[in-house]
>>> print(open('model27.tsv').read())   # TSV, C-alpha atoms
chain	number	residue	atom	x	y	z
A	1	MET	CA	-49.19	44.92	-34.17
A	2	LYS	CA	-51.49	47.79	-33.37
A	3	THR	CA	-55.00	46.89	-32.24
A	4	ASP	CA	-57.95	48.07	-34.35
A	5	ASN	CA	-59.55	50.42	-31.82
A	6	LEU	CA	-62.93	52.10	-32.16
A	7	ARG	CA	-62.86	55.86	-32.71
A	8	ASN	CA	-65.61	58.42	-32.29
A	9	PHE	CA	-66.58	60.20	-35.49
A	10	THR	CA	-69.27	62.85	-35.86
A	11	VAL	CA	-71.37	63.03	-39.00
A	12	ARG	CA	-74.72	64.64	-39.77
A	13	PHE	CA	-77.60	62.74	-41.41
A	14	LEU	CA	-80.89	63.86	-42.87
A	15	GLU	CA	-83.76	63.10	-40.53
A	16	SER	CA	-85.44	61.12	-43.28
A	17	ALA	CA	-82.31	58.89	-43.61
A	18	LEU	CA	-82.20	58.31	-39.86
A	19	ARG	CA	-85.87	57.32	-39.87
A	20	ARG	CA	-85.08	54.78	-42.60
A	21	VAL	CA	-82.24	53.35	-40.48
A	22	GLU	CA	-84.51	53.03	-37.48
A	23	ALA	CA	-87.36	51.56	-39.48
A	24	THR	CA	-85.36	49.17	-41.65
A	25	ALA	CA	-81.79	48.54	-40.50
A	26	LYS	CA	-82.35	48.17	-36.76
A	27	PRO	CA	-85.04	45.46	-37.13
A	28	PHE	CA	-82.92	43.74	-39.81
A	29	TYR	CA	-79.94	43.31	-37.47
A	30	GLY	CA	-82.15	42.30	-34.56
A	31	GLY	CA	-81.65	43.07	-30.90
A	32	ARG	CA	-81.70	46.46	-29.28
A	33	LEU	CA	-79.12	48.22	-31.44
A	34	SER	CA	-78.52	51.93	-31.18
A	35	THR	CA	-78.98	53.96	-34.34
A	36	GLY	CA	-75.25	54.65	-34.40
A	37	GLU	CA	-74.39	50.91	-34.20
A	38	ALA	CA	-76.81	50.17	-37.04
A	39	ILE	CA	-75.17	52.87	-39.19
A	40	ARG	CA	-71.72	51.46	-38.42
A	41	ARG	CA	-72.77	47.97	-39.52
A	42	LEU	CA	-74.33	49.31	-42.67
A	43	ALA	CA	-71.13	51.19	-43.54
A	44	GLU	CA	-68.88	48.16	-42.92
A	45	GLU	CA	-71.05	45.82	-44.99
A	46	ARG	CA	-71.25	48.31	-47.83
A	47	LEU	CA	-67.48	48.73	-47.79
A	48	ASP	CA	-67.07	44.94	-47.97
A	49	ALA	CA	-69.46	44.81	-50.93
A	50	ILE	CA	-67.65	47.62	-52.75
A	51	GLU	CA	-64.26	45.97	-52.21
A	52	SER	CA	-65.49	42.59	-53.44
A	53	GLU	CA	-67.22	44.03	-56.50
A	54	ALA	CA	-64.56	46.54	-57.55
A	55	PRO	CA	-62.55	45.51	-60.60
A	56	ARG	CA	-59.13	44.28	-59.53
A	57	GLU	CA	-55.89	44.70	-61.39
A	58	ARG	CA	-54.84	41.47	-63.05
A	59	THR	CA	-51.80	39.78	-61.54
A	60	ARG	CA	-49.82	40.09	-64.78
A	61	ASP	CA	-50.60	43.80	-65.15
A	62	ALA	CA	-49.76	44.48	-61.51
A	63	LEU	CA	-46.43	42.65	-61.71
A	64	LEU	CA	-45.44	44.44	-64.91
A	65	ARG	CA	-46.39	47.80	-63.42
A	66	ILE	CA	-44.42	47.15	-60.23
A	67	LEU	CA	-41.46	45.84	-62.21
A	68	ARG	CA	-41.40	49.00	-64.35
A	69	ALA	CA	-41.66	51.20	-61.25
A	70	TRP	CA	-38.80	49.38	-59.52
A	71	ARG	CA	-36.56	49.58	-62.58
A	72	SER	CA	-37.30	53.29	-62.86
A	73	GLY	CA	-36.29	53.87	-59.25
A	74	HIS	CA	-39.78	54.80	-58.08
A	75	SER	CA	-41.00	54.08	-54.56
A	76	LEU	CA	-43.53	51.29	-54.18
A	77	SER	CA	-46.77	51.90	-52.36
A	78	LEU	CA	-47.78	49.93	-49.28
A	79	ALA	CA	-50.43	48.22	-51.45
A	80	ASP	CA	-47.71	47.10	-53.89
A	81	LEU	CA	-45.52	45.79	-51.06
A	82	ARG	CA	-48.49	43.88	-49.67
A	83	PHE	CA	-49.17	42.47	-53.13
A	84	LEU	CA	-45.57	41.26	-53.51
A	85	SER	CA	-45.53	39.69	-50.04
A	86	ASP	CA	-48.82	37.90	-50.79
A	87	LYS	CA	-47.63	36.55	-54.15
A	88	SER	CA	-44.29	35.51	-52.63
A	89	ASN	CA	-46.06	33.45	-49.99
A	90	THR	CA	-48.32	31.93	-52.65
A	91	ALA	CA	-45.24	30.92	-54.67
A	92	TYR	CA	-43.83	29.04	-51.67
A	93	GLN	CA	-47.19	27.33	-51.13
A	94	ARG	CA	-47.25	26.04	-54.71
A	95	CYS	CA	-43.56	25.17	-54.98
A	96	ARG	CA	-42.94	21.61	-56.17
A	97	ARG	CA	-39.27	21.53	-55.25
A	98	GLU	CA	-38.02	19.95	-52.05
A	99	PHE	CA	-35.92	23.00	-51.29
A	100	VAL	CA	-35.94	26.72	-51.96
A	101	LEU	CA	-33.13	29.23	-52.49
A	102	ARG	CA	-31.70	30.42	-49.19
A	103	GLU	CA	-30.86	33.93	-50.43
A	104	LEU	CA	-34.47	34.66	-51.43
A	105	LEU	CA	-35.91	33.34	-48.17
A	106	VAL	CA	-33.35	35.33	-46.18
A	107	ALA	CA	-34.42	38.47	-48.07
A	108	ASN	CA	-38.11	37.82	-47.37
A	109	VAL	CA	-37.59	37.27	-43.65
A	110	SER	CA	-35.12	40.16	-43.38
A	111	ALA	CA	-37.73	42.45	-44.95
A	112	PHE	CA	-40.14	41.37	-42.21
A	113	ARG	CA	-37.56	42.19	-39.52
A	114	GLU	CA	-36.94	45.65	-41.04
A	115	ALA	CA	-40.68	46.35	-41.22
A	116	VAL	CA	-41.06	45.46	-37.52
A	117	GLN	CA	-38.22	47.73	-36.50
A	118	LEU	CA	-39.58	50.58	-38.62
A	119	ALA	CA	-43.11	50.25	-37.24
A	120	LYS	CA	-41.81	50.26	-33.68
A	121	GLY	CA	-39.51	53.20	-34.33
A	122	GLY	CA	-36.48	51.16	-33.33
A	123	LYS	CA	-38.01	50.54	-29.90
A	124	THR	CA	-38.76	46.84	-29.90
A	125	GLY	CA	-39.24	46.71	-26.13
A	126	LYS	CA	-38.29	43.94	-23.77
A	127	GLY	CA	-39.53	40.44	-24.20
A	128	ILE	CA	-41.83	38.93	-26.78
A	129	GLN	CA	-45.27	40.50	-26.78
A	130	PRO	CA	-48.36	38.22	-26.83
A	131	GLU	CA	-49.37	39.39	-30.33
A	132	GLU	CA	-45.89	38.47	-31.59
A	133	ARG	CA	-46.20	34.76	-30.73
A	134	TYR	CA	-47.83	34.13	-34.10
A	135	PHE	CA	-44.68	35.24	-35.89
A	136	LEU	CA	-42.46	33.06	-33.70
A	137	GLY	CA	-44.65	30.08	-34.56
A	138	ASN	CA	-43.83	30.59	-38.23
A	139	LEU	CA	-40.10	30.56	-37.48
A	140	ALA	CA	-39.86	27.02	-36.17
A	141	THR	CA	-36.68	25.07	-36.98
A	142	SER	CA	-35.48	21.50	-36.45
A	143	ARG	CA	-34.27	22.79	-33.06
A	144	GLY	CA	-37.70	24.02	-32.10
A	145	THR	CA	-39.06	27.54	-31.98
A	146	ILE	CA	-36.49	30.32	-31.84
A	147	GLU	CA	-37.04	32.96	-29.18
A	148	GLY	CA	-34.80	35.95	-28.45
A	149	LYS	CA	-35.31	38.93	-26.18
A	150	THR	CA	-37.21	40.73	-28.96
A	151	LEU	CA	-38.92	39.71	-32.18
A	152	PRO	CA	-36.13	41.13	-34.43
A	153	GLU	CA	-33.54	39.29	-32.34
A	154	SER	CA	-35.52	36.06	-32.76
A	155	VAL	CA	-35.52	36.61	-36.53
A	156	ASP	CA	-31.73	37.03	-36.52
A	157	LYS	CA	-31.29	33.80	-34.55
A	158	TRP	CA	-33.55	31.97	-36.99
A	159	LEU	CA	-31.55	33.28	-39.95
A	160	GLU	CA	-28.31	32.09	-38.35
A	161	LEU	CA	-29.69	28.55	-38.09
A	162	LEU	CA	-31.27	28.50	-41.55
A	163	PRO	CA	-29.70	25.65	-43.58
A	164	GLU	CA	-28.12	26.12	-46.98
A	165	LEU	CA	-31.05	24.27	-48.54
A	166	PRO	CA	-34.24	25.35	-46.73
A	167	SER	CA	-37.37	23.31	-47.35
A	168	ALA	CA	-40.31	24.67	-49.30
A	169	SER	CA	-42.36	24.30	-46.10
A	170	GLN	CA	-39.96	26.60	-44.25
A	171	GLY	CA	-40.41	29.14	-47.01
A	172	GLU	CA	-44.19	28.91	-46.86
A	173	PHE	CA	-44.44	29.47	-43.11
A	174	ALA	CA	-41.66	32.04	-42.72
A	175	SER	CA	-42.96	34.18	-45.59
A	176	ARG	CA	-46.35	34.44	-43.86
A	177	ASN	CA	-44.78	36.89	-41.43
A	178	LEU	CA	-44.07	39.64	-43.95
A	179	LEU	CA	-47.48	39.13	-45.56
A	180	THR	CA	-49.32	39.34	-42.24
A	181	TYR	CA	-47.31	42.25	-40.84
A	182	LEU	CA	-47.69	44.44	-43.91
A	183	ARG	CA	-51.39	43.62	-44.07
A	184	ASP	CA	-52.23	44.34	-40.43
A	185	GLU	CA	-49.71	46.96	-39.30
A	186	GLU	CA	-50.07	50.70	-39.75
A	187	PHE	CA	-47.22	52.67	-41.31
A	188	SER	CA	-47.35	56.43	-41.05
A	189	ASP	CA	-44.77	57.00	-43.79
A	190	GLU	CA	-45.18	54.68	-46.79
A	191	SER	CA	-42.26	56.22	-48.67
A	192	ARG	CA	-39.96	55.45	-45.76
A	193	LEU	CA	-41.25	51.88	-45.66
A	194	SER	CA	-40.58	51.52	-49.38
A	195	LYS	CA	-37.04	52.84	-48.92
A	196	THR	CA	-36.42	50.55	-45.94
A	197	LEU	CA	-37.56	47.47	-47.85
A	198	GLY	CA	-35.86	48.60	-51.07
A	199	PRO	CA	-32.92	46.17	-50.82
A	200	TYR	CA	-35.35	43.24	-50.66
A	201	ILE	CA	-37.61	44.22	-53.57
A	202	PRO	CA	-35.60	42.23	-56.18
A	203	ALA	CA	-36.05	39.03	-54.19
A	204	LEU	CA	-39.76	39.68	-53.59
A	205	LEU	CA	-40.25	40.39	-57.29
A	206	GLN	CA	-38.53	37.18	-58.34
A	207	LEU	CA	-40.61	35.14	-55.90
A	208	ALA	CA	-43.86	36.79	-57.00
A	209	ILE	CA	-42.99	36.33	-60.67
A	210	ARG	CA	-42.20	32.65	-60.11
A	211	GLY	CA	-45.60	32.32	-58.47
A	212	TYR	CA	-47.13	33.80	-61.62
A	213	TRP	CA	-45.20	31.28	-63.72
A	214	ILE	CA	-46.37	28.37	-61.55
A	215	SER	CA	-49.97	29.53	-61.93
A	216	GLU	CA	-50.04	30.56	-65.58
A	217	ARG	CA	-47.05	28.75	-67.15
A	218	SER	CA	-46.34	32.00	-68.95
A	219	ALA	CA	-43.36	34.34	-68.83
A	220	LEU	CA	-43.91	37.86	-67.54
A	221	VAL	CA	-43.00	39.90	-70.62
A	222	GLU	CA	-44.44	43.00	-72.21
A	223	SER	CA	-46.48	42.56	-75.37
A	224	PRO	CA	-44.00	42.90	-78.27
A	225	LYS	CA	-44.18	46.10	-80.30
A	226	GLU	CA	-42.06	44.63	-83.08
A	227	PRO	CA	-41.83	41.15	-84.65
A	228	PRO	CA	-39.74	38.83	-82.43
A	229	THR	CA	-36.17	38.12	-83.45
A	230	TRP	CA	-35.22	34.63	-84.57
A	231	PRO	CA	-33.67	32.43	-81.86
A	232	MET	CA	-29.92	31.85	-82.05
A	233	HIS	CA	-28.31	28.41	-82.10
A	234	MET	CA	-25.18	28.45	-79.95
A	235	ASN	CA	-22.14	26.37	-80.82
A	236	PRO	CA	-22.45	22.92	-79.21
A	237	ILE	CA	-20.47	22.26	-76.05
A	238	GLN	CA	-18.65	18.93	-76.00
A	239	ARG	CA	-17.22	17.20	-72.93
A	240	GLY	CA	-16.28	13.57	-73.30
A	241	ARG	CA	-19.22	11.67	-74.73
A	242	ILE	CA	-21.71	14.40	-73.78
A	243	SER	CA	-22.76	17.16	-76.17
A	244	LEU	CA	-24.95	20.14	-75.21
A	245	SER	CA	-26.82	22.28	-77.75
A	246	ALA	CA	-28.60	25.47	-76.68
A	247	ILE	CA	-31.07	27.73	-78.48
A	248	VAL	CA	-31.24	31.28	-77.12
A	249	GLY	CA	-34.17	33.62	-77.82
A	250	GLU	CA	-35.11	37.08	-76.62
A	251	HIS	CA	-37.26	35.75	-73.79
A	252	ASP	CA	-36.25	32.11	-73.42
A	253	VAL	CA	-33.53	29.51	-73.67
A	254	THR	CA	-33.85	25.79	-74.39
A	255	LEU	CA	-31.29	23.03	-74.56
A	256	ALA	CA	-30.74	19.47	-75.67
A	257	MET	CA	-28.19	17.12	-74.13
A	258	ASP	CA	-26.98	14.19	-76.23
A	259	SER	CA	-24.75	11.26	-75.35
A	260	SER	CA	-23.19	8.70	-77.63
A	261	ALA	CA	-24.03	6.10	-74.97
A	262	HIS	CA	-27.78	6.80	-75.14
A	263	HIS	CA	-30.41	6.55	-77.83
A	264	SER	CA	-32.41	9.57	-76.71
A	265	VAL	CA	-31.90	13.27	-76.06
A	266	ILE	CA	-32.46	15.02	-72.74
A	267	THR	CA	-34.29	18.30	-73.29
A	268	ALA	CA	-35.08	21.35	-71.17
A	269	ASN	CA	-37.94	23.05	-72.98
A	270	HIS	CA	-37.94	26.50	-71.37
A	271	PHE	CA	-35.90	28.68	-69.04
A	272	VAL	CA	-37.35	27.26	-65.82
A	273	GLU	CA	-36.42	23.72	-66.86
A	274	VAL	CA	-32.95	24.86	-67.97
A	275	GLU	CA	-32.22	26.49	-64.60
A	276	ASP	CA	-33.75	23.53	-62.78
A	277	LEU	CA	-31.55	21.04	-64.63
A	278	ALA	CA	-28.43	23.13	-63.99
A	279	GLU	CA	-29.25	23.56	-60.29
A	280	MET	CA	-30.11	19.90	-59.72
A	281	THR	CA	-26.93	18.81	-61.49
A	282	ARG	CA	-24.77	21.19	-59.43
A	283	LEU	CA	-26.28	19.84	-56.23
A	284	ALA	CA	-25.86	16.24	-57.37
A	285	VAL	CA	-22.17	16.86	-58.09
A	286	ALA	CA	-21.92	18.19	-54.52
A	287	GLY	CA	-23.52	15.01	-53.21
A	288	HIS	CA	-27.13	16.11	-52.69
A	289	GLU	CA	-30.16	14.16	-53.89
A	290	LEU	CA	-33.12	16.54	-54.09
A	291	ARG	CA	-36.23	16.79	-56.25
A	292	GLY	CA	-36.43	19.85	-58.42
A	293	GLU	CA	-39.25	21.31	-60.45
A	294	THR	CA	-38.68	18.80	-63.26
A	295	PHE	CA	-35.44	16.91	-62.65
A	296	VAL	CA	-33.92	14.77	-59.90
A	297	TRP	CA	-30.55	13.02	-59.76
A	298	LEU	CA	-30.11	9.77	-57.81
A	299	LYS	CA	-26.88	7.87	-57.16
A	300	LEU	CA	-27.42	4.15	-57.63
A	301	PRO	CA	-26.24	2.08	-54.65
A	302	GLU	CA	-24.61	-0.79	-56.54
A	303	PRO	CA	-20.98	-0.40	-57.75
A	304	PRO	CA	-19.60	0.78	-60.03
A	305	ALA	CA	-20.72	4.39	-59.44
A	306	ARG	CA	-23.69	5.28	-61.63
A	307	PHE	CA	-26.17	8.13	-61.61
A	308	MET	CA	-29.84	8.24	-62.60
A	309	LEU	CA	-31.52	11.36	-64.00
A	310	LYS	CA	-35.30	11.18	-63.59
A	311	THR	CA	-38.08	13.26	-65.06
A	312	GLU	CA	-41.79	12.64	-65.55
A	313	ARG	CA	-40.93	11.88	-69.18
A	314	ALA	CA	-38.05	9.41	-68.94
A	315	VAL	CA	-35.08	8.03	-66.97
A	316	TRP	CA	-31.41	8.05	-67.98
A	317	ILE	CA	-28.45	6.19	-66.46
A	318	PHE	CA	-24.90	7.65	-66.58
A	319	ASP	CA	-21.58	6.26	-65.48
A	320	ALA	CA	-19.37	8.46	-63.31
A	321	GLU	CA	-17.39	9.86	-66.25
A	322	ASP	CA	-20.47	10.83	-68.28
A	323	PHE	CA	-22.09	12.30	-65.17
A	324	ALA	CA	-19.05	14.52	-64.63
A	325	SER	CA	-19.10	15.56	-68.30
A	326	PHE	CA	-22.81	16.40	-67.98
A	327	GLY	CA	-22.08	18.82	-65.17
A	328	GLN	CA	-19.13	20.36	-67.01
A	329	CYS	CA	-21.27	21.09	-70.07
A	330	LEU	CA	-23.88	22.91	-68.04
A	331	ASP	CA	-21.27	24.80	-66.06
A	332	SER	CA	-19.59	25.91	-69.28
A	333	LEU	CA	-22.91	27.10	-70.74
A	334	PHE	CA	-23.80	29.26	-67.73
A	335	ARG	CA	-20.30	30.76	-67.63
A	336	GLU	CA	-20.64	32.08	-71.17
A	337	PRO	CA	-21.05	35.90	-70.74
A	338	SER	CA	-24.01	36.35	-73.08
A	339	VAL	CA	-25.88	33.44	-71.45
A	340	ALA	CA	-25.10	34.72	-67.95
A	341	ALA	CA	-26.52	38.14	-68.87
A	342	LEU	CA	-29.63	36.55	-70.39
A	343	VAL	CA	-30.16	34.37	-67.31
A	344	GLU	CA	-30.07	37.43	-65.04
A	345	ARG	CA	-32.64	39.21	-67.21
A	346	LEU	CA	-34.93	36.20	-67.50
A	347	ARG	CA	-35.12	35.89	-63.71
A	348	TYR	CA	-37.52	38.82	-63.91
A	349	ALA	CA	-39.58	37.09	-66.58
A	350	TYR	CA	-39.78	33.62	-65.02
A	351	GLY	CA	-38.79	34.42	-61.44
A	352	ARG	CA	-36.90	32.23	-59.01
A	353	ILE	CA	-37.71	30.33	-55.84
>>> encode(input="model27.tsv", output="structure tokens")
Amino acid sequence: MKTDNLRNFTVRFLESALRRVEATAKPFYGGRLSTGEAIRRLAEERLDAIESEAPRERTRDALLRILRAWRSGHSLSLADLRFLSDKSNTAYQRCRREFVLRELLVANVSAFREAVQLAKGGKTGKGIQPEERYFLGNLATSRGTIEGKTLPESVDKWLELLPELPSASQGEFASRNLLTYLRDEEFSDESRLSKTLGPYIPALLQLAIRGYWISERSALVESPKEPPTWPMHMNPIQRGRISLSAIVGEHDVTLAMDSSAHHSVITANHFVEVEDLAEMTRLAVAGHELRGETFVWLKLPEPPARFMLKTERAVWIFDAEDFASFGQCLDSLFREPSVAALVERLRYAYGRI
């Protein structure tokens, strides 16, 4: 990163204003300050006050504005890119899942690598510079800290070793790099930066939007101009003793899973829970036991094979056949073309992580 050097700047003051600085500001700061140093401190403190008092754009309004700009093909400003990197990091900090999506974390860290290469003009030098050690510290793995000949090379090595199911902690630390670099580095051509990071904007948007959901428990949607349409009840999906019923709306989807072997219904009450249930079930079928946002599957140790689905609300036990049917129902739902299209659209209303 570039150091924040002092620069000479000539400006003319009224003699009366200078007398006020000498009579008031210099004694206030104490010590034997020059008049110029007193003016510099006054300017910095006033700038801090202005920035803290200025009305800030609400997170929802900023996200909607950036989302509209991205969909319209407009370049994002450096301030918008900084905003997205900040909200992405915040989302990882507040994530309740044990793991995060590899593809989104790869995009975040790859954006950092591209920003470094752009700022250095493709000349990353030899060896890791002292100011770059901070970024290496955020790229620790189970094998220790990764270090290549240059910072971008170290990033590539870290990405190669990134597991299929990174932890939320890995996401929190690794995403600090993009946030810090965009905040502290100087970019002479913001439009070029926006173009360079363009391929990673969808991932940053989804992370930032999920952070908004975690904070507000509200979908990021425009205020409706017309009355909302009635939700649609999809035909139930039946596999073995398991039946899945889904209700699809313009900005949401809910589902209820029923089994003839149980006396209660498993529900996913909004899109985030629906995706969480589907993801946790897919991982459980593959043999993973991980805690999601709402759901977790556990395989009971005693034979015969049985599976436990846990939520904060209740616990359900399934035999192997019903467990397989459960997964097949969800898989069938997400393969339905209209649902798949809705899911892709809702990822920019509820985000992903």
>>> atom_distance(input="model27.tsv", atom1="atom CA of Ile242 of chain A", atom2="atom CA of Cys329 of chain A")
7.7 Å
>>> closest_residue(input="model27.tsv", among="A:Leu151, A:Leu162, A:Val248, A:Ile209", to="Pro130 of chain A", atoms="all atoms listed in the file")
A:Leu151
>>> axis_aligned_box(input="model27.tsv", around="segment 16-23 of chain A", padding_each_side="5 Å", output="JSON")
{"center_x": -84.8, "center_y": 56.3, "center_z": -40.5, "size_x": 15.2, "size_y": 19.6, "size_z": 16.1}
>>> atom_distance(input="model27.tsv", atom1="atom CA of Ala174 of chain A", atom2="atom CA of Gln117 of chain A")
17.2 Å
>>> atom_distance(input="model27.tsv", atom1="atom CA of Trp158 of chain A", atom2="atom CA of Glu131 of chain A")
18.7 Å
>>> closest_atom_pairs(input="model27.tsv", of="segment 148-236 of chain A", to="segment 284-298 of chain A", cutoff="12 Å", atoms="only C-alpha atoms", output="Markdown table")
| residue | atom | partner | partner_atom | distance |
| --- | --- | --- | --- | --- |
| A:Glu164 | CA | A:His288 | CA | 11.6 |
| A:Leu165 | CA | A:Leu290 | CA | 9.7 |
| A:Pro166 | CA | A:Leu290 | CA | 11.5 |
| A:Ser167 | CA | A:Leu290 | CA | 10.5 |
| A:Ala168 | CA | A:Gly292 | CA | 11.0 |
| A:Arg210 | CA | A:Glu293 | CA | 11.7 |
| A:Ile214 | CA | A:Glu293 | CA | 10.1 |
>>> residues_around(input="model27.tsv", residues="Leu204 of chain A", least_positions_apart="3", cutoff="7 Å", atoms="all atoms listed in the file", output="list in words")
Leu84, Ser85, Ser88, Asn108, Tyr200, Ile201, Leu207 and Ala208 of chain A
>>> residues_around(input="model27.tsv", residues="segment 260-269 of chain A", least_positions_apart="2", cutoff="9 Å", atoms="all atoms listed in the file", output="PyMOL selection string")
chain A and resi 241-243+253-258+271-277+314+316-318+322
>>> residues_around(input="model27.tsv", residues="Ser191 of chain A", least_positions_apart="2", cutoff="12 Å", atoms="only C-alpha atoms", output="VMD selection string")
chain A and resid 74 to 81 118 187 to 189 193 to 198
>>> residues_around(input="model27.tsv", residues="Phe9 of chain A", least_positions_apart="3", cutoff="12 Å", atoms="only C-alpha atoms", output="number ranges by chain")
A: 6, 12, 36, 39-40
>>> build_atoms(input="model27.tsv", residues="segment 190-206 of chain A", atoms="N, CA and C atoms", output="PDB file, in the frame of the given file")
ATOM      1  N   GLU A 190     -45.333  55.762 -45.821  1.00  0.00           N
ATOM      2  CA  GLU A 190     -45.180  54.680 -46.790  1.00  0.00           C
ATOM      3  C   GLU A 190     -43.895  54.808 -47.596  1.00  0.00           C
ATOM      4  N   SER A 191     -43.482  56.039 -47.891  1.00  0.00           N
ATOM      5  CA  SER A 191     -42.260  56.220 -48.670  1.00  0.00           C
ATOM      6  C   SER A 191     -41.051  55.737 -47.886  1.00  0.00           C
ATOM      7  N   ARG A 192     -41.066  55.934 -46.583  1.00  0.00           N
ATOM      8  CA  ARG A 192     -39.960  55.450 -45.760  1.00  0.00           C
ATOM      9  C   ARG A 192     -39.963  53.922 -45.700  1.00  0.00           C
ATOM     10  N   LEU A 193     -41.147  53.340 -45.633  1.00  0.00           N
ATOM     11  CA  LEU A 193     -41.250  51.880 -45.660  1.00  0.00           C
ATOM     12  C   LEU A 193     -40.691  51.334 -46.960  1.00  0.00           C
ATOM     13  N   SER A 194     -41.061  51.963 -48.084  1.00  0.00           N
ATOM     14  CA  SER A 194     -40.580  51.520 -49.380  1.00  0.00           C
ATOM     15  C   SER A 194     -39.049  51.605 -49.457  1.00  0.00           C
ATOM     16  N   LYS A 195     -38.493  52.682 -48.924  1.00  0.00           N
ATOM     17  CA  LYS A 195     -37.040  52.840 -48.920  1.00  0.00           C
ATOM     18  C   LYS A 195     -36.375  51.799 -48.030  1.00  0.00           C
ATOM     19  N   THR A 196     -36.979  51.530 -46.878  1.00  0.00           N
ATOM     20  CA  THR A 196     -36.420  50.550 -45.940  1.00  0.00           C
ATOM     21  C   THR A 196     -36.405  49.157 -46.547  1.00  0.00           C
ATOM     22  N   LEU A 197     -37.467  48.814 -47.255  1.00  0.00           N
ATOM     23  CA  LEU A 197     -37.560  47.470 -47.850  1.00  0.00           C
ATOM     24  C   LEU A 197     -36.949  47.411 -49.239  1.00  0.00           C
ATOM     25  N   GLY A 198     -36.430  48.548 -49.727  1.00  0.00           N
ATOM     26  CA  GLY A 198     -35.860  48.600 -51.070  1.00  0.00           C
ATOM     27  C   GLY A 198     -34.861  47.510 -51.395  1.00  0.00           C
ATOM     28  N   PRO A 199     -33.905  47.202 -50.493  1.00  0.00           N
ATOM     29  CA  PRO A 199     -32.920  46.170 -50.820  1.00  0.00           C
ATOM     30  C   PRO A 199     -33.518  44.778 -51.043  1.00  0.00           C
ATOM     31  N   TYR A 200     -34.745  44.564 -50.576  1.00  0.00           N
ATOM     32  CA  TYR A 200     -35.350  43.240 -50.660  1.00  0.00           C
ATOM     33  C   TYR A 200     -36.376  43.133 -51.798  1.00  0.00           C
ATOM     34  N   ILE A 201     -36.635  44.232 -52.480  1.00  0.00           N
ATOM     35  CA  ILE A 201     -37.610  44.220 -53.570  1.00  0.00           C
ATOM     36  C   ILE A 201     -37.220  43.247 -54.689  1.00  0.00           C
ATOM     37  N   PRO A 202     -35.944  43.195 -55.125  1.00  0.00           N
ATOM     38  CA  PRO A 202     -35.600  42.230 -56.180  1.00  0.00           C
ATOM     39  C   PRO A 202     -35.978  40.796 -55.832  1.00  0.00           C
ATOM     40  N   ALA A 203     -35.714  40.393 -54.598  1.00  0.00           N
ATOM     41  CA  ALA A 203     -36.050  39.030 -54.190  1.00  0.00           C
ATOM     42  C   ALA A 203     -37.566  38.830 -54.170  1.00  0.00           C
ATOM     43  N   LEU A 204     -38.307  39.797 -53.637  1.00  0.00           N
ATOM     44  CA  LEU A 204     -39.760  39.680 -53.590  1.00  0.00           C
ATOM     45  C   LEU A 204     -40.349  39.632 -54.993  1.00  0.00           C
ATOM     46  N   LEU A 205     -39.785  40.428 -55.909  1.00  0.00           N
ATOM     47  CA  LEU A 205     -40.250  40.390 -57.290  1.00  0.00           C
ATOM     48  C   LEU A 205     -40.017  39.029 -57.914  1.00  0.00           C
ATOM     49  N   GLN A 206     -38.826  38.474 -57.734  1.00  0.00           N
ATOM     50  CA  GLN A 206     -38.530  37.180 -58.340  1.00  0.00           C
ATOM     51  C   GLN A 206     -39.432  36.088 -57.784  1.00  0.00           C
TER      52      GLN A 206
END
